[in-house]
Amino acid sequence: MENHIKVLISGGGTGGHIFPAISIANAIKAKIPDADILFVGAENRMEMEKVPAAGYNIIGLPVCGFDRKNVFKNCKVVVKLLQSINKARKTVKQFQPDIAVGVGGYASGPTLWAAAHMEIPTVIQEQNSYAGVTNKLLASKAKKICVAYDNMEKFFPKEKIVITGNPIRQELLNKTISQEEAVRFFNLDPEKKTILAIGGSLGARTINESILDWITRSESDEIQIIWQTGKNFDAKAQKALSQKICHHIKQMPFISRMDMAYKAADLVISRAGASSISELCLLEKPVILVPSPNVAEDHQTKNAQALEYKGAAILIRDNEARDKLMQTALVVIRDNDKLKNMQDNIKTLAQANSAARIADIIIQIVNERKK
């Protein structure tokens, strides 16, 4: 096995893309400590902060997404795309990677396109059950396509597909803490059932408003909630909670100890991003999924449907959440048989050690190329 390889990793835009990318980089480093890894991301996006914090260098591209609501703004998008392709080509030429890996996000397209046209082998990591347009276009040049769901041959060449699952943040797999300890960490009552409501670092407006409506109407403290509102909804939530006695609600804009939050939860309410779903499968958490309607190809709904079909989750559509979400959550969390059944079903979908398996594929391709 090679003791020195150069890997270019591209993607980001959200935690759902960048955290798996960092996990893959860490897995490569664990196997080949001498590996030289460079990230390519989109300027002014999350990865430009998170990647350096993880100890890796990153190059930013001016790329941005297409505006589906105002097509006239896309002239600027096309210009930025051409600039990004040019900068990606220069980056590939200067870094001279042995392989390029794309995990999704705005930067993956220009970077993998540039690498493939310079005869650098590429690997795609498709996180969702419904493949994005960019990955479908890049698939013909890719050596391998790492996926998290069955039946992806309708999007990609069957012989290139490897089911690896999506890498998750390893710190979530904390088996040393009990549920009671985790509940007490949030100053809640271990004797009560606990709902964890999360909507990403910016929050999910529909989930937040559904919970807020329930709080203002409910007088019961039978169920307790750990509620990550995101920074945009923080002030509104705090104002509402200050007007009632709500010892059973622990609200915060961002949860720094997600390992504790997941461990405390009897039931989770979440968006249906691929990374979140992979975490829920590995942690064996019953979940109600409220897919975001504001994503490309409505892929979150398709992710949620894949779990719902196997009895591993309950899907509530965004436009129905205000009427149904908390009512459904309260029924489910009181039903121990339903919780156990959902837990048993979701854990069958878990893919362990995904980052390490993807790293093995990357290293194998490099070794074969160098023979």
# chains A, B, ... in the order shown; residues from 1 in each chain; ligands from 1
call {"tool": "residues_around", "arguments": {"residues": "Asn303 of chain A", "least_positions_apart": "2", "cutoff": "7 Å", "atoms": "only C-alpha atoms", "output": "list in words"}}
result
Asn128, Ser129, Ala272, Ala274, His299, Gln300, Thr301, Gln305, Ala306 and Leu307 of chain A
call {"tool": "residues_around", "arguments": {"residues": "Glu320 of chain A", "least_positions_apart": "4", "cutoff": "10 Å", "atoms": "only C-alpha atoms", "output": "number ranges by chain"}}
result
A: 206, 210, 290, 316, 324-325
call {"tool": "closest_residue", "arguments": {"among": "A:Lys175, A:Arg334, A:Arg317, A:Lys160", "to": "Asp298 of chain A", "atoms": "only C-alpha atoms"}}
result
A:Arg317
call {"tool": "closest_residue", "arguments": {"among": "A:Lys371, A:Ala352, A:Ala359, A:Lys285", "to": "Leu339 of chain A", "atoms": "only C-alpha atoms"}}
result
A:Lys285
call {"tool": "closest_residue", "arguments": {"among": "A:Ile161, A:Ala148, A:Leu8, A:Ile226", "to": "Thr111 of chain A", "atoms": "only C-alpha atoms"}}
result
A:Leu8
call {"tool": "atom_distance", "arguments": {"atom1": "atom CA of Ile346 of chain A", "atom2": "atom CA of Thr194 of chain A"}}
result
18.6 Å
call {"tool": "select_by_dssp", "arguments": {"residues": "segment 14-223 of chain A", "states": "helix (DSSP H, G or I)", "output": "PyMOL selection string"}}
result
chain A and resi 15-31+47-53+71-95+108-117+133-141+152-154+158-160+170-172+179-185+205-217
call {"tool": "decode", "arguments": {"residues": "segment 129-141 of chain A", "atoms": "all heavy atoms", "output": "PDB file, in the first residue's frame"}}
result
ATOM      1  N   SER A 129     -31.135   9.381  -1.731  1.00  0.00           N
ATOM      2  CA  SER A 129     -31.784   8.276  -2.440  1.00  0.00           C
ATOM      3  C   SER A 129     -32.164   8.675  -3.864  1.00  0.00           C
ATOM      4  O   SER A 129     -32.481   7.817  -4.681  1.00  0.00           O
ATOM      5  CB  SER A 129     -33.037   7.836  -1.681  1.00  0.00           C
ATOM      6  OG  SER A 129     -33.972   8.898  -1.607  1.00  0.00           O
ATOM      7  N   TYR A 130     -32.128   9.984  -4.127  1.00  0.00           N
ATOM      8  CA  TYR A 130     -32.412  10.496  -5.470  1.00  0.00           C
ATOM      9  C   TYR A 130     -31.209  11.318  -5.897  1.00  0.00           C
ATOM     10  O   TYR A 130     -30.918  12.359  -5.319  1.00  0.00           O
ATOM     11  CB  TYR A 130     -33.683  11.353  -5.465  1.00  0.00           C
ATOM     12  CG  TYR A 130     -34.172  11.731  -6.840  1.00  0.00           C
ATOM     13  CD1 TYR A 130     -35.074  10.918  -7.514  1.00  0.00           C
ATOM     14  CD2 TYR A 130     -33.722  12.886  -7.469  1.00  0.00           C
ATOM     15  CE1 TYR A 130     -35.535  11.253  -8.782  1.00  0.00           C
ATOM     16  CE2 TYR A 130     -34.179  13.232  -8.733  1.00  0.00           C
ATOM     17  CZ  TYR A 130     -35.074  12.417  -9.388  1.00  0.00           C
ATOM     18  OH  TYR A 130     -35.517  12.749 -10.639  1.00  0.00           O
ATOM     19  N   ALA A 131     -30.495  10.833  -6.895  1.00  0.00           N
ATOM     20  CA  ALA A 131     -29.223  11.456  -7.284  1.00  0.00           C
ATOM     21  C   ALA A 131     -29.428  12.840  -7.873  1.00  0.00           C
ATOM     22  O   ALA A 131     -30.382  13.084  -8.620  1.00  0.00           O
ATOM     23  CB  ALA A 131     -28.492  10.580  -8.292  1.00  0.00           C
ATOM     24  N   GLY A 132     -28.522  13.750  -7.524  1.00  0.00           N
ATOM     25  CA  GLY A 132     -28.563  15.103  -8.067  1.00  0.00           C
ATOM     26  C   GLY A 132     -28.097  15.154  -9.502  1.00  0.00           C
ATOM     27  O   GLY A 132     -27.401  14.248  -9.993  1.00  0.00           O
ATOM     28  N   VAL A 133     -28.460  16.227 -10.196  1.00  0.00           N
ATOM     29  CA  VAL A 133     -28.122  16.385 -11.612  1.00  0.00           C
ATOM     30  C   VAL A 133     -26.612  16.366 -11.824  1.00  0.00           C
ATOM     31  O   VAL A 133     -26.103  15.698 -12.739  1.00  0.00           O
ATOM     32  CB  VAL A 133     -28.713  17.715 -12.159  1.00  0.00           C
ATOM     33  CG1 VAL A 133     -28.214  17.972 -13.580  1.00  0.00           C
ATOM     34  CG2 VAL A 133     -30.222  17.664 -12.148  1.00  0.00           C
ATOM     35  N   THR A 134     -25.876  17.065 -10.966  1.00  0.00           N
ATOM     36  CA  THR A 134     -24.423  17.153 -11.139  1.00  0.00           C
ATOM     37  C   THR A 134     -23.775  15.781 -11.062  1.00  0.00           C
ATOM     38  O   THR A 134     -22.951  15.419 -11.913  1.00  0.00           O
ATOM     39  CB  THR A 134     -23.808  18.078 -10.072  1.00  0.00           C
ATOM     40  OG1 THR A 134     -24.392  19.373 -10.190  1.00  0.00           O
ATOM     41  CG2 THR A 134     -22.305  18.196 -10.260  1.00  0.00           C
ATOM     42  N   ASN A 135     -24.143  14.993 -10.065  1.00  0.00           N
ATOM     43  CA  ASN A 135     -23.550  13.665  -9.920  1.00  0.00           C
ATOM     44  C   ASN A 135     -23.917  12.743 -11.074  1.00  0.00           C
ATOM     45  O   ASN A 135     -23.108  11.918 -11.508  1.00  0.00           O
ATOM     46  CB  ASN A 135     -23.950  13.037  -8.583  1.00  0.00           C
ATOM     47  CG  ASN A 135     -23.104  13.555  -7.435  1.00  0.00           C
ATOM     48  OD1 ASN A 135     -22.091  14.220  -7.645  1.00  0.00           O
ATOM     49  ND2 ASN A 135     -23.517  13.248  -6.215  1.00  0.00           N
ATOM     50  N   LYS A 136     -25.131  12.878 -11.595  1.00  0.00           N
ATOM     51  CA  LYS A 136     -25.516  12.062 -12.748  1.00  0.00           C
ATOM     52  C   LYS A 136     -24.659  12.414 -13.968  1.00  0.00           C
ATOM     53  O   LYS A 136     -24.266  11.534 -14.745  1.00  0.00           O
ATOM     54  CB  LYS A 136     -27.006  12.246 -13.051  1.00  0.00           C
ATOM     55  CG  LYS A 136     -27.907  11.525 -12.055  1.00  0.00           C
ATOM     56  CD  LYS A 136     -29.367  11.536 -12.469  1.00  0.00           C
ATOM     57  CE  LYS A 136     -30.050  12.830 -12.144  1.00  0.00           C
ATOM     58  NZ  LYS A 136     -31.512  12.791 -12.345  1.00  0.00           N
ATOM     59  N   LEU A 137     -24.353  13.701 -14.126  1.00  0.00           N
ATOM     60  CA  LEU A 137     -23.504  14.119 -15.242  1.00  0.00           C
ATOM     61  C   LEU A 137     -22.056  13.661 -15.080  1.00  0.00           C
ATOM     62  O   LEU A 137     -21.376  13.347 -16.057  1.00  0.00           O
ATOM     63  CB  LEU A 137     -23.543  15.651 -15.379  1.00  0.00           C
ATOM     64  CG  LEU A 137     -24.885  16.250 -15.822  1.00  0.00           C
ATOM     65  CD1 LEU A 137     -24.836  17.774 -15.735  1.00  0.00           C
ATOM     66  CD2 LEU A 137     -25.228  15.816 -17.241  1.00  0.00           C
ATOM     67  N   LEU A 138     -21.600  13.606 -13.818  1.00  0.00           N
ATOM     68  CA  LEU A 138     -20.207  13.226 -13.545  1.00  0.00           C
ATOM     69  C   LEU A 138     -19.998  11.719 -13.521  1.00  0.00           C
ATOM     70  O   LEU A 138     -18.857  11.245 -13.567  1.00  0.00           O
ATOM     71  CB  LEU A 138     -19.766  13.809 -12.196  1.00  0.00           C
ATOM     72  CG  LEU A 138     -19.694  15.334 -12.094  1.00  0.00           C
ATOM     73  CD1 LEU A 138     -19.550  15.747 -10.631  1.00  0.00           C
ATOM     74  CD2 LEU A 138     -18.525  15.871 -12.918  1.00  0.00           C
ATOM     75  N   ALA A 139     -21.077  10.955 -13.458  1.00  0.00           N
ATOM     76  CA  ALA A 139     -20.980   9.512 -13.227  1.00  0.00           C
ATOM     77  C   ALA A 139     -20.233   8.766 -14.325  1.00  0.00           C
ATOM     78  O   ALA A 139     -19.524   7.793 -14.054  1.00  0.00           O
ATOM     79  CB  ALA A 139     -22.380   8.931 -13.069  1.00  0.00           C
ATOM     80  N   SER A 140     -20.376   9.208 -15.562  1.00  0.00           N
ATOM     81  CA  SER A 140     -19.758   8.464 -16.666  1.00  0.00           C
ATOM     82  C   SER A 140     -18.237   8.430 -16.574  1.00  0.00           C
ATOM     83  O   SER A 140     -17.599   7.490 -17.044  1.00  0.00           O
ATOM     84  CB  SER A 140     -20.179   9.067 -18.017  1.00  0.00           C
ATOM     85  OG  SER A 140     -19.698  10.399 -18.131  1.00  0.00           O
ATOM     86  N   LYS A 141     -17.645   9.437 -15.945  1.00  0.00           N
ATOM     87  CA  LYS A 141     -16.187   9.512 -15.816  1.00  0.00           C
ATOM     88  C   LYS A 141     -15.679   8.929 -14.499  1.00  0.00           C
ATOM     89  O   LYS A 141     -14.475   8.705 -14.339  1.00  0.00           O
ATOM     90  CB  LYS A 141     -15.724  10.968 -15.914  1.00  0.00           C
ATOM     91  CG  LYS A 141     -16.046  11.653 -17.246  1.00  0.00           C
ATOM     92  CD  LYS A 141     -15.135  11.164 -18.337  1.00  0.00           C
ATOM     93  CE  LYS A 141     -15.349  11.964 -19.627  1.00  0.00           C
ATOM     94  NZ  LYS A 141     -14.493  11.485 -20.726  1.00  0.00           N
TER      95      LYS A 141
END
